[in-house]
file structure_37.cif (mmCIF, C-alpha atoms and all ligand atoms)
data_query
#
loop_
_atom_site.label_atom_id
_atom_site.label_comp_id
_atom_site.auth_asym_id
_atom_site.auth_seq_id
_atom_site.Cartn_x
_atom_site.Cartn_y
_atom_site.Cartn_z
CA LEU J 423 53.78 32.19 103.68
CA ALA J 424 55.89 30.95 100.79
CA ASP J 425 58.18 33.27 98.82
CA ARG J 426 56.69 32.16 95.51
CA LEU J 427 53.55 34.16 96.36
CA ASN J 428 55.62 37.32 96.00
CA HIS J 429 56.41 36.59 92.37
CA PHE J 430 52.97 36.79 90.81
CA SER J 431 49.60 38.39 91.50
CA ASP J 432 46.08 37.07 91.20
CA SER J 433 44.78 36.92 87.62
CA VAL J 434 43.91 40.39 86.36
CA ILE J 435 41.62 38.77 83.76
CA ARG J 436 39.53 37.10 86.42
CA ARG J 437 39.73 40.18 88.68
CA MET J 438 38.12 42.23 85.87
CA THR J 439 35.18 39.79 85.77
CA ARG J 440 34.61 40.32 89.49
CA ILE J 441 34.66 44.12 89.04
CA ALA J 442 32.41 43.87 85.96
CA ASN J 443 29.88 41.86 87.96
CA GLN J 444 29.99 44.36 90.81
CA TYR J 445 29.03 47.22 88.44
CA ASP J 446 26.80 45.13 86.18
CA ALA J 447 28.92 45.98 83.15
CA ILE J 448 28.85 44.05 79.86
CA ASN J 449 31.77 41.73 80.41
CA LEU J 450 34.15 41.69 77.46
CA SER J 451 37.12 41.05 79.76
CA GLN J 452 37.54 37.37 80.71
CA GLY J 453 37.02 35.42 77.50
CA PHE J 454 34.01 33.13 77.70
CA PRO J 455 30.76 32.81 75.74
CA ASP J 456 27.37 34.08 76.92
CA PHE J 457 25.63 31.46 74.76
CA ASP J 458 24.94 27.80 75.41
CA PRO J 459 27.02 24.85 74.26
CA PRO J 460 25.64 22.67 71.43
CA ALA J 461 22.39 20.93 72.44
CA GLU J 462 24.01 17.49 72.03
CA LEU J 463 26.39 18.21 74.91
CA VAL J 464 23.64 19.47 77.19
CA THR J 465 21.51 16.39 76.46
CA ALA J 466 24.51 14.14 77.09
CA LEU J 467 25.14 15.92 80.40
CA LYS J 468 21.56 15.27 81.50
CA LEU J 469 22.00 11.61 80.59
CA ALA J 470 25.23 11.50 82.56
CA ALA J 471 23.37 12.96 85.55
CA ASP J 472 20.85 10.12 85.34
CA ASN J 473 23.10 7.26 84.37
CA GLY J 474 26.56 8.25 85.57
CA PRO J 475 29.46 7.93 85.70
CA HIS J 476 29.60 9.62 89.09
CA GLN J 477 32.79 8.07 90.47
CA TYR J 478 36.42 8.59 89.49
CA GLU J 479 37.31 7.99 85.89
CA ILE J 480 40.64 6.44 85.02
CA THR J 481 43.13 9.13 86.00
CA TRP J 482 44.38 9.67 82.42
CA GLY J 483 40.84 10.32 81.17
CA SER J 484 38.04 7.99 80.11
CA ALA J 485 38.89 5.52 77.34
CA GLU J 486 36.02 6.83 75.20
CA PHE J 487 37.19 10.45 75.53
CA ARG J 488 40.79 9.58 74.69
CA GLN J 489 39.77 7.49 71.70
CA LEU J 490 37.50 10.15 70.22
CA LEU J 491 40.03 12.89 70.89
CA ALA J 492 42.90 10.92 69.35
CA LYS J 493 40.80 10.26 66.24
CA LYS J 494 39.82 13.93 65.87
CA GLN J 495 43.26 15.41 66.54
CA GLN J 496 45.14 12.82 64.49
CA LYS J 497 43.30 13.97 61.41
CA LEU J 498 43.92 17.65 62.15
CA MET J 499 47.52 17.33 63.30
CA ASN J 500 48.57 14.75 60.76
CA ILE J 501 50.53 12.66 63.29
CA ASN J 502 49.84 9.28 64.84
CA ILE J 503 48.11 9.60 68.20
CA ASP J 504 47.67 6.50 70.32
CA PRO J 505 44.87 7.12 72.87
CA ASN J 506 46.70 5.05 75.49
CA GLU J 507 50.22 6.31 74.93
CA ASN J 508 49.95 9.89 73.72
CA VAL J 509 46.91 11.44 75.43
CA LEU J 510 46.23 12.85 78.87
CA VAL J 511 42.90 14.46 79.82
CA THR J 512 43.30 17.37 82.25
CA CYS J 513 41.22 19.93 84.14
CA GLY J 514 41.31 22.54 81.40
CA SER J 515 44.29 23.64 79.39
CA THR J 516 45.26 25.49 82.57
CA GLU J 517 46.19 22.21 84.24
CA ALA J 518 47.63 20.86 80.99
CA MET J 519 50.10 23.76 80.75
CA MET J 520 51.03 23.63 84.43
CA CYS J 521 51.54 19.90 84.16
CA ALA J 522 53.65 20.26 81.00
CA VAL J 523 55.97 22.86 82.54
CA MET J 524 56.35 20.81 85.74
CA THR J 525 57.08 17.71 83.68
CA VAL J 526 59.99 19.19 81.72
CA CYS J 527 61.51 21.80 84.04
CA ASN J 528 63.92 21.42 86.89
CA PRO J 529 64.27 24.28 89.37
CA LYS J 530 66.18 27.18 87.74
CA ASP J 531 65.55 25.91 84.20
CA LYS J 532 64.72 28.69 81.78
CA VAL J 533 61.44 28.89 79.90
CA ILE J 534 60.94 31.25 76.97
CA ILE J 535 57.64 33.12 76.90
CA PHE J 536 56.60 35.49 74.12
CA SER J 537 55.31 38.80 75.45
CA PRO J 538 52.43 39.75 75.32
CA PHE J 539 51.38 36.46 76.84
CA TYR J 540 48.41 34.84 78.53
CA GLU J 541 49.06 35.57 82.19
CA ASN J 542 49.05 31.93 83.38
CA TYR J 543 52.39 31.18 81.71
CA GLY J 544 54.45 33.35 84.05
CA ALA J 545 52.79 31.69 87.04
CA ASP J 546 53.27 28.23 85.48
CA ALA J 547 57.02 28.86 85.26
CA ILE J 548 57.27 30.34 88.75
CA LEU J 549 55.21 27.54 90.34
CA SER J 550 57.61 25.07 88.71
CA ASP J 551 60.58 27.05 90.14
CA ALA J 552 61.67 27.77 86.57
CA THR J 553 62.81 31.18 85.33
CA PRO J 554 60.92 32.87 82.50
CA ILE J 555 62.85 34.59 79.68
CA TYR J 556 60.56 36.96 77.82
CA VAL J 557 60.92 37.57 74.09
CA PRO J 558 58.81 40.41 72.71
CA LEU J 559 56.24 40.07 69.98
CA ILE J 560 56.75 43.57 68.71
CA PRO J 561 53.69 45.82 68.22
CA PRO J 562 52.02 46.83 66.00
CA THR J 563 52.49 43.61 63.95
CA PHE J 564 53.52 41.33 66.82
CA GLU J 565 56.37 39.70 64.93
CA PHE J 566 59.39 38.46 66.85
CA ASP J 567 63.00 39.37 66.23
CA LYS J 568 64.76 36.20 65.07
CA GLN J 569 68.03 37.06 66.73
CA GLN J 570 66.31 37.81 70.06
CA LEU J 571 64.62 34.42 69.97
CA ARG J 572 67.88 32.68 69.07
CA ASP J 573 69.64 34.50 71.97
CA ALA J 574 66.93 33.28 74.35
CA PHE J 575 67.41 29.66 73.25
CA ALA J 576 71.18 30.14 73.47
CA GLN J 577 70.80 31.00 77.18
CA GLY J 578 70.05 27.31 77.61
CA ALA J 579 66.25 27.43 77.63
CA LYS J 580 64.61 24.12 78.45
CA ALA J 581 61.34 25.01 76.77
CA LEU J 582 59.43 27.62 74.84
CA ILE J 583 55.75 28.30 75.52
CA LEU J 584 53.87 28.99 72.31
CA CYS J 585 50.30 30.25 72.35
CA ASN J 586 49.00 29.81 68.82
CA PRO J 587 46.59 31.42 67.92
CA SER J 588 47.80 33.91 70.43
CA ASN J 589 45.96 35.32 73.41
CA PRO J 590 45.84 38.35 73.76
CA CYS J 591 46.93 39.70 70.37
CA GLY J 592 45.24 37.24 67.99
CA LYS J 593 48.44 36.51 66.08
CA VAL J 594 48.49 33.24 64.12
CA PHE J 595 52.05 31.99 63.68
CA ASN J 596 52.78 31.31 60.01
CA GLN J 597 54.75 28.53 58.35
CA GLN J 598 58.05 30.49 58.26
CA GLU J 599 57.80 31.47 61.91
CA LEU J 600 57.01 27.92 62.98
CA ASP J 601 59.84 26.58 60.79
CA TYR J 602 62.24 28.93 62.53
CA ILE J 603 60.95 27.99 66.00
CA SER J 604 61.33 24.30 65.07
CA GLN J 605 64.90 24.80 63.88
CA LEU J 606 65.87 26.52 67.12
CA ALA J 607 64.12 23.94 69.31
CA ILE J 608 65.97 21.16 67.52
CA GLU J 609 69.33 22.96 67.45
CA PHE J 610 69.17 23.78 71.17
CA ASP J 611 67.42 20.53 72.13
CA ALA J 612 64.48 22.27 73.80
CA TYR J 613 60.82 21.40 74.21
CA VAL J 614 57.96 23.50 72.92
CA ILE J 615 54.83 23.59 75.04
CA THR J 616 51.97 24.82 72.92
CA ASP J 617 48.66 26.29 73.99
CA GLU J 618 46.32 25.76 71.04
CA VAL J 619 42.95 26.32 72.68
CA TYR J 620 41.89 28.60 69.79
CA GLU J 621 42.89 26.03 67.12
CA HIS J 622 39.42 26.21 65.52
CA LEU J 623 39.17 30.00 65.67
CA VAL J 624 41.39 31.08 62.79
CA TYR J 625 40.13 33.59 60.21
CA GLU J 626 40.66 33.66 56.46
CA PRO J 627 43.20 33.79 54.90
CA HIS J 628 45.14 32.51 57.92
CA ARG J 629 45.53 28.82 58.69
CA HIS J 630 46.24 26.99 61.91
CA LEU J 631 49.40 24.90 61.69
CA TYR J 632 50.21 22.42 64.45
CA LEU J 633 53.83 22.67 65.53
CA ALA J 634 53.86 18.96 66.44
CA SER J 635 53.48 18.11 62.75
CA PHE J 636 56.67 19.97 61.74
CA PRO J 637 59.69 17.80 60.90
CA GLY J 638 61.51 16.64 64.01
CA MET J 639 58.97 18.27 66.33
CA GLN J 640 56.65 15.45 67.31
CA GLU J 641 59.03 14.16 69.98
CA ARG J 642 59.65 17.59 71.51
CA THR J 643 56.25 19.30 71.25
CA ILE J 644 53.79 19.10 74.12
CA THR J 645 50.48 20.07 72.58
CA CYS J 646 48.03 21.46 75.12
CA SER J 647 44.49 22.37 74.25
CA SER J 648 41.00 22.38 75.65
CA LEU J 649 37.34 21.85 74.92
CA SER J 650 36.39 25.17 76.52
CA LYS J 651 36.44 27.34 73.41
CA THR J 652 35.67 24.66 70.83
CA TYR J 653 32.39 23.58 72.45
CA SER J 654 31.60 26.71 74.54
CA ILE J 655 32.07 24.87 77.84
CA THR J 656 34.66 26.95 79.71
CA GLY J 657 33.09 25.96 83.04
CA TRP J 658 33.48 22.23 82.42
CA ARG J 659 37.24 22.53 82.79
CA LEU J 660 38.23 19.89 80.26
CA GLY J 661 41.60 20.04 78.55
CA HIS J 662 44.24 17.69 77.25
CA ILE J 663 47.87 17.08 76.44
CA ILE J 664 49.06 15.24 73.35
CA ALA J 665 52.73 14.27 73.28
CA ASP J 666 55.28 11.54 72.87
CA LYS J 667 54.80 8.56 75.20
CA LYS J 668 57.81 9.39 77.37
CA ILE J 669 56.57 12.93 77.96
CA ILE J 670 52.97 11.84 78.53
CA ASP J 671 54.14 9.28 81.09
CA GLY J 672 55.77 12.16 82.99
CA CYS J 673 52.69 14.35 82.66
CA LYS J 674 50.55 11.48 83.92
CA MET J 675 52.58 11.35 87.13
CA ILE J 676 52.17 15.06 87.79
CA HIS J 677 48.48 15.03 86.87
CA ASP J 678 47.84 12.01 89.09
CA PHE J 679 48.83 13.99 92.17
CA LEU J 680 47.63 17.43 91.11
CA THR J 681 44.00 16.57 90.44
CA VAL J 682 43.46 12.75 90.24
CA GLY J 683 41.43 13.43 87.14
CA ALA J 684 38.92 15.56 85.27
CA ALA J 685 35.23 15.35 86.26
CA ALA J 686 33.84 11.98 85.11
CA PRO J 687 30.27 13.00 84.11
CA LEU J 688 31.62 15.97 82.17
CA GLN J 689 34.10 13.79 80.28
CA LYS J 690 31.23 11.50 79.38
CA ALA J 691 29.03 14.37 78.16
CA ALA J 692 31.86 16.00 76.22
CA CYS J 693 32.24 12.86 74.12
CA ALA J 694 29.09 13.98 72.30
CA GLY J 695 31.11 16.97 71.06
CA LEU J 696 34.28 15.06 70.27
CA ALA J 697 32.18 12.86 67.97
CA PHE J 698 31.02 15.81 65.79
CA ASP J 699 32.06 15.79 62.15
CA ASP J 700 34.09 18.46 60.31
CA GLU J 701 30.99 20.50 59.56
CA TYR J 702 30.70 21.54 63.22
CA TYR J 703 34.18 23.07 63.28
CA ALA J 704 33.68 24.85 59.96
CA GLN J 705 30.46 26.31 61.33
CA LEU J 706 32.17 27.38 64.55
CA THR J 707 34.85 29.26 62.61
CA GLN J 708 32.12 30.86 60.51
CA THR J 709 30.14 31.94 63.59
CA TYR J 710 33.21 33.55 65.13
CA SER J 711 34.19 35.20 61.82
CA GLU J 712 30.80 36.92 61.91
CA LYS J 713 31.26 38.06 65.51
CA ARG J 714 34.72 39.33 64.66
CA ARG J 715 33.46 41.25 61.64
CA LEU J 716 30.62 42.82 63.64
CA PHE J 717 32.86 43.84 66.53
CA LEU J 718 35.72 45.19 64.40
CA GLU J 719 33.32 47.17 62.23
CA GLY J 720 31.85 48.62 65.42
CA LEU J 721 35.31 49.63 66.63
CA ASP J 722 36.01 51.20 63.22
CA GLN J 723 32.84 53.26 63.46
CA ILE J 724 33.82 54.53 66.89
CA GLY J 725 37.26 55.32 65.53
CA LEU J 726 39.24 53.03 67.83
CA SER J 727 42.45 51.58 66.47
CA TYR J 728 43.42 47.97 67.01
CA TYR J 729 45.51 45.07 65.77
CA GLU J 730 43.30 42.95 63.54
CA PRO J 731 43.17 39.49 65.12
CA GLN J 732 44.06 36.63 62.77
CA GLY J 733 42.76 34.06 65.24
CA ALA J 734 41.29 33.59 68.76
CA TYR J 735 38.53 35.89 69.99
CA TYR J 736 40.35 38.89 71.40
CA VAL J 737 41.26 42.30 70.12
CA LEU J 738 43.89 44.63 71.54
CA VAL J 739 42.63 48.19 71.24
CA ASP J 740 45.05 51.11 71.38
CA ILE J 741 43.93 53.62 74.01
CA SER J 742 46.93 55.94 73.83
CA ALA J 743 44.70 58.71 72.43
CA PHE J 744 42.70 58.73 75.68
CA ASN J 745 44.23 61.04 78.23
CA PRO J 746 44.40 61.77 81.12
CA PHE J 747 44.44 58.17 82.35
CA GLU J 748 47.72 57.28 83.99
CA THR J 749 47.37 53.58 83.37
CA ASP J 750 45.33 51.15 81.33
CA PHE J 751 43.90 49.81 84.61
CA GLU J 752 42.50 53.25 85.48
CA PHE J 753 41.04 53.44 82.00
CA CYS J 754 39.40 50.03 82.43
CA GLU J 755 37.94 51.00 85.79
CA TRP J 756 36.51 54.15 84.24
CA LEU J 757 35.18 52.11 81.30
CA ILE J 758 33.35 49.75 83.65
CA LYS J 759 31.90 52.44 85.89
CA GLU J 760 31.10 55.16 83.36
CA VAL J 761 30.59 53.32 80.07
CA GLY J 762 29.39 49.95 81.38
CA VAL J 763 31.78 47.72 79.46
CA ALA J 764 34.59 45.63 80.94
CA ALA J 765 37.94 45.00 79.22
CA VAL J 766 41.27 43.68 80.49
CA PRO J 767 44.11 46.19 80.93
CA GLY J 768 46.72 45.25 78.33
CA SER J 769 49.56 45.56 80.85
CA ALA J 770 48.38 42.26 82.35
CA PHE J 771 49.83 40.56 79.27
CA PHE J 772 53.13 42.40 78.76
CA LYS J 773 56.39 41.83 80.56
CA GLU J 774 57.62 45.39 80.09
CA PRO J 775 55.40 48.26 81.29
CA GLU J 776 52.96 48.81 78.45
CA TYR J 777 49.81 50.80 79.11
CA ARG J 778 48.82 51.45 75.52
CA TYR J 779 46.26 48.65 75.11
CA ILE J 780 43.12 47.16 76.51
CA ARG J 781 41.81 43.73 75.49
CA PHE J 782 38.22 43.04 74.53
CA HIS J 783 36.85 39.62 73.64
CA PHE J 784 34.02 38.99 71.20
CA ALA J 785 32.80 35.53 72.26
CA LYS J 786 29.35 36.96 72.89
CA LYS J 787 25.89 36.84 71.32
CA GLU J 788 25.36 39.34 68.53
CA GLN J 789 22.96 41.33 70.72
CA THR J 790 25.53 41.55 73.52
CA LEU J 791 28.19 42.82 71.10
CA VAL J 792 25.75 45.36 69.64
CA ALA J 793 24.82 46.58 73.13
CA ALA J 794 28.49 46.84 74.13
CA LEU J 795 29.34 48.77 70.96
CA ALA J 796 26.43 51.15 71.59
CA ARG J 797 27.88 51.90 75.02
CA LEU J 798 31.41 52.20 73.63
CA SER J 799 30.26 54.80 71.11
CA LYS J 800 30.60 57.23 74.04
CA LEU J 801 34.31 57.06 73.25
CA LYS J 802 33.80 58.72 69.84
N1 LIG F 901 41.46 32.40 78.34
C1 LIG F 901 40.42 33.30 78.76
C2 LIG F 901 40.94 34.72 78.81
O1 LIG F 901 42.07 34.98 78.54
C3 LIG F 901 39.84 32.90 80.08
C4 LIG F 901 40.91 32.78 81.09
C5 LIG F 901 40.53 32.09 82.33
O2 LIG F 901 40.04 32.76 83.21
N2 LIG F 901 40.78 30.81 82.42
O3 LIG F 901 40.21 35.62 79.15
#

call {"tool": "encode", "arguments": {"input": "structure_37.cif", "output": "structure tokens", "more": "lines below"}}
Ligand code: GLN
result
Amino acid sequence: LADRLNHFSDSVIRRMTRIANQYDAINLSQGFPDFDPPAELVTALKLAADNGPHQYEITWGSAEFRQLLAKKQQKLMNINIDPNENVLVTCGSTEAMMCAVMTVCNPKDKVIIFSPFYENYGADAILSDATPIYVPLIPPTFEFDKQQLRDAFAQGAKALILCNPSNPCGKVFNQQELDYISQLAIEFDAYVITDEVYEHLVYEPHRHLYLASFPGMQERTITCSSLSKTYSITGWRLGHIIADKKIIDGCKMIHDFLTVGAAAPLQKAACAGLAFDDEYYAQLTQTYSEKRRLFLEGLDQIGLSYYEPQGAYYVLVDISAFNPFETDFEFCEWLIKEVGVAAVPGSAFFKEPEYRYIRFHFAKKEQTLVAALARLSKLK
């Protein structure tokens, strides 16, 4: 078999879900909701089942989807988005990111990845025959060292991958940080591929800023995002890329041969969500703020220490006080079997060996979070 298989493993996140299911644990590992999407989407899906479409959509995504998406994102991102020239609909942000890296990288090109990072990015680089350069986000505050980032760009990086808000740590990059990233990208003529799937999950007083709207960045930012988190439809596998026409034309070529296109009836049904007004997104943020408050207060009561997430729906909990576990993976196995709650070992997200953290997510019904916290109180 191919050598590239030796350079990454299966996803630890998704492996934890399989183990959680095996032991019937409450699954706070792989991040997905245990509640239904908005009723409008479900109704629209039923209509699509009856009335279609059931055949291939246009490879770039249905015209209706691209128009609604361009309208929504244009307002948020404060840039012009032409649905025909600047938008590509993909099978989740997972395909969007893979497609973006393959579109800009030649074999041996270097791609900067902040560590901790969502595990797909390493695989995205390797599958594109590119070489990742990791720059640490330094615990406990997860800030980056400016000089380290500059040095990484100076090695001739072709692109930086930026997950904002960040999975797994919940960092939201602020104006100064994004200004600095922009300056470096422009100075070293590099692309920035963003993963902004948690764009609507940002907690007060933090704000989500779109890198593509920074001066000089529109033509070099490849904005990837998804409908999974925004409309609670992780299983529909709908994502998108927004970028300059030249870049999108490249992405379209890759996407054409990777997947032909995202599922037609699901694109149709998702349009019901893309048509929502601002109130929906404000309510979504509010709902997740409540879940975050409930979960963090629960962790406080148990006495667990963590980095307070500014965005997304994850929390990295420090388990260094819990001996005698050799690794975070052993701790997570014990947690599933003996406590009945699944988390992801933090080492899955770090480049350097780091066994100090486990990651929980809180995209669950209140009752699920309460039940999980009750079980976790064993850790007191
Ligand atoms: N992004 C989610 C997580 O980190 C789900 C990942 C996935 O399996 N696609 O848990």

call {"tool": "closest_residue", "arguments": {"input": "structure_37.cif", "among": "J:Ser711, J:Asn596, J:Ser431, J:Thr439", "to": "ligand LIG 901 (chain F)", "atoms": "all atoms listed in the file"}}
result
J:Thr439

call {"tool": "atom_distance", "arguments": {"input": "structure_37.cif", "atom1": "CA of Asp740 in chain J", "atom2": "CA of Phe753 in chain J"}}
result
11.6 Å

call {"tool": "residues_near_ligand", "arguments": {"input": "structure_37.cif", "ligand": "ligand LIG 901 (chain F)", "cutoff": "8 Å", "atoms": "all atoms listed in the file", "output": "list in words"}}
result
Ser433, Ile435, Arg436, Ser451, Gln452, Gly453, Phe454, Thr516, Tyr540, Glu541, Asn589, Pro590, Thr656 and His783 of chain J

call {"tool": "residues_near_point", "arguments": {"input": "structure_37.cif", "point": "(42.5, 23.9, 80.7)", "cutoff": "7 Å", "atoms": "all atoms listed in the file", "output": "list in words"}}
result
Thr512, Cys513, Gly514, Ser515, Thr516, Glu517, Ala518, Ser647, Ser648, Arg659, Leu660 and Gly661 of chain J

call {"tool": "write_last_selection", "arguments": {"input": "structure_37.cif", "atoms": "C-alpha atoms", "output": "mmCIF file, in the coordinates of the input"}}
result
data_model
loop_
_atom_site.group_PDB
_atom_site.id
_atom_site.type_symbol
_atom_site.label_atom_id
_atom_site.label_comp_id
_atom_site.auth_asym_id
_atom_site.auth_seq_id
_atom_site.Cartn_x
_atom_site.Cartn_y
_atom_site.Cartn_z
ATOM 1 C CA THR J 512 43.300 17.370 82.250
ATOM 2 C CA CYS J 513 41.220 19.930 84.140
ATOM 3 C CA GLY J 514 41.310 22.540 81.400
ATOM 4 C CA SER J 515 44.290 23.640 79.390
ATOM 5 C CA THR J 516 45.260 25.490 82.570
ATOM 6 C CA GLU J 517 46.190 22.210 84.240
ATOM 7 C CA ALA J 518 47.630 20.860 80.990
ATOM 8 C CA SER J 647 44.490 22.370 74.250
ATOM 9 C CA SER J 648 41.000 22.380 75.650
ATOM 10 C CA ARG J 659 37.240 22.530 82.790
ATOM 11 C CA LEU J 660 38.230 19.890 80.260
ATOM 12 C CA GLY J 661 41.600 20.040 78.550
#

call {"tool": "closest_residue", "arguments": {"input": "structure_37.cif", "among": "J:Pro529, J:Pro561, J:Pro775, J:Gly483", "to": "Gly683 in chain J", "atoms": "all atoms listed in the file"}}
result
J:Gly483

call {"tool": "residues_around", "arguments": {"input": "structure_37.cif", "residues": "Leu738 in chain J", "least_positions_apart": "6", "cutoff": "9 Å", "atoms": "all atoms listed in the file", "output": "list of chain:residue names"}}
result
J:Pro590, J:Cys591, J:Gly592, J:Ser727, J:Tyr728, J:Tyr729, J:Glu730, J:Pro731, J:Gly768, J:Tyr779, J:Ile780, J:Arg781, J:Phe782, J:His783

call {"tool": "atom_distance", "arguments": {"input": "structure_37.cif", "atom1": "CA of Asn449 in chain J", "atom2": "CA of Gln705 in chain J"}}
result
24.6 Å

call {"tool": "residues_around", "arguments": {"input": "structure_37.cif", "residues": "range 608-618 of chain J", "least_positions_apart": "4", "cutoff": "6 Å", "atoms": "all atoms listed in the file", "output": "list in words"}}
result
Lys580, Ala581, Leu582, Ile583, Leu584, Cys585, Asn586, Arg642, Thr643, Ile644, Thr645, Cys646 and Ser647 of chain J

call {"tool": "residues_around", "arguments": {"input": "structure_37.cif", "residues": "range 697-700 of chain J", "least_positions_apart": "4", "cutoff": "7 Å", "atoms": "all atoms listed in the file", "output": "PyMOL selection string"}}
result
chain J and resi 490+693+704

call {"tool": "write_last_selection", "arguments": {"input": "structure_37.cif", "atoms": "C-alpha atoms", "output": "short mmCIF file (atom, residue, chain, number, x, y, z; two decimals), in the coordinates of the input"}}
result
data_model
loop_
_atom_site.label_atom_id
_atom_site.label_comp_id
_atom_site.auth_asym_id
_atom_site.auth_seq_id
_atom_site.Cartn_x
_atom_site.Cartn_y
_atom_site.Cartn_z
CA LEU J 490 37.50 10.15 70.22
CA CYS J 693 32.24 12.86 74.12
CA ALA J 704 33.68 24.85 59.96
#

call {"tool": "atom_distance", "arguments": {"input": "structure_37.cif", "atom1": "CA of Arg715 in chain J", "atom2": "CA of Phe595 in chain J"}}
result
20.9 Å

call {"tool": "residues_around", "arguments": {"input": "structure_37.cif", "residues": "Gly762 in chain J", "least_positions_apart": "6", "cutoff": "7 Å", "atoms": "all atoms listed in the file", "output": "VMD selection string"}}
result
chain J and resid 447 to 448 797

call {"tool": "axis_aligned_box", "arguments": {"input": "structure_37.cif", "around": "range 500-503 of chain J", "padding_each_side": "6 Å", "output": "AutoDock Vina command-line options"}}
result
--center_x 49.3 --center_y 12.0 --center_z 64.5 --size_x 14.4 --size_y 17.5 --size_z 19.4

call {"tool": "residues_around", "arguments": {"input": "structure_37.cif", "residues": "Asn528 in chain J", "least_positions_apart": "3", "cutoff": "8 Å", "atoms": "only C-alpha atoms", "output": "number ranges by chain"}}
result
J: 524, 531, 550-552

call {"tool": "closest_residue", "arguments": {"input": "structure_37.cif", "among": "J:Tyr735, J:Tyr632, J:Phe717, J:Phe679", "to": "Leu798 in chain J", "atoms": "only C-alpha atoms"}}
result
J:Phe717

call {"tool": "residues_near_point", "arguments": {"input": "structure_37.cif", "point": "(33.9, 35.3, 71.6)", "cutoff": "12 Å", "atoms": "all atoms listed in the file", "output": "VMD selection string"}}
result
chain J and resid 449 to 457 620 623 650 to 654 656 706 to 707 709 to 717 733 to 737 782 to 788 790 to 791

call {"tool": "closest_residue", "arguments": {"input": "structure_37.cif", "among": "J:Ala607, J:Val594, J:Leu631, J:Ile548", "to": "Phe564 in chain J", "atoms": "all atoms listed in the file"}}
result
J:Val594

call {"tool": "closest_residue", "arguments": {"input": "structure_37.cif", "among": "J:Lys668, J:Arg629, J:Lys690, J:His677", "to": "Gln732 in chain J", "atoms": "all atoms listed in the file"}}
result
J:Arg629

call {"tool": "closest_residue", "arguments": {"input": "structure_37.cif", "among": "J:His622, J:Glu760, J:Glu701, J:Phe575", "to": "Ile535 in chain J", "atoms": "only C-alpha atoms"}}
result
J:Phe575
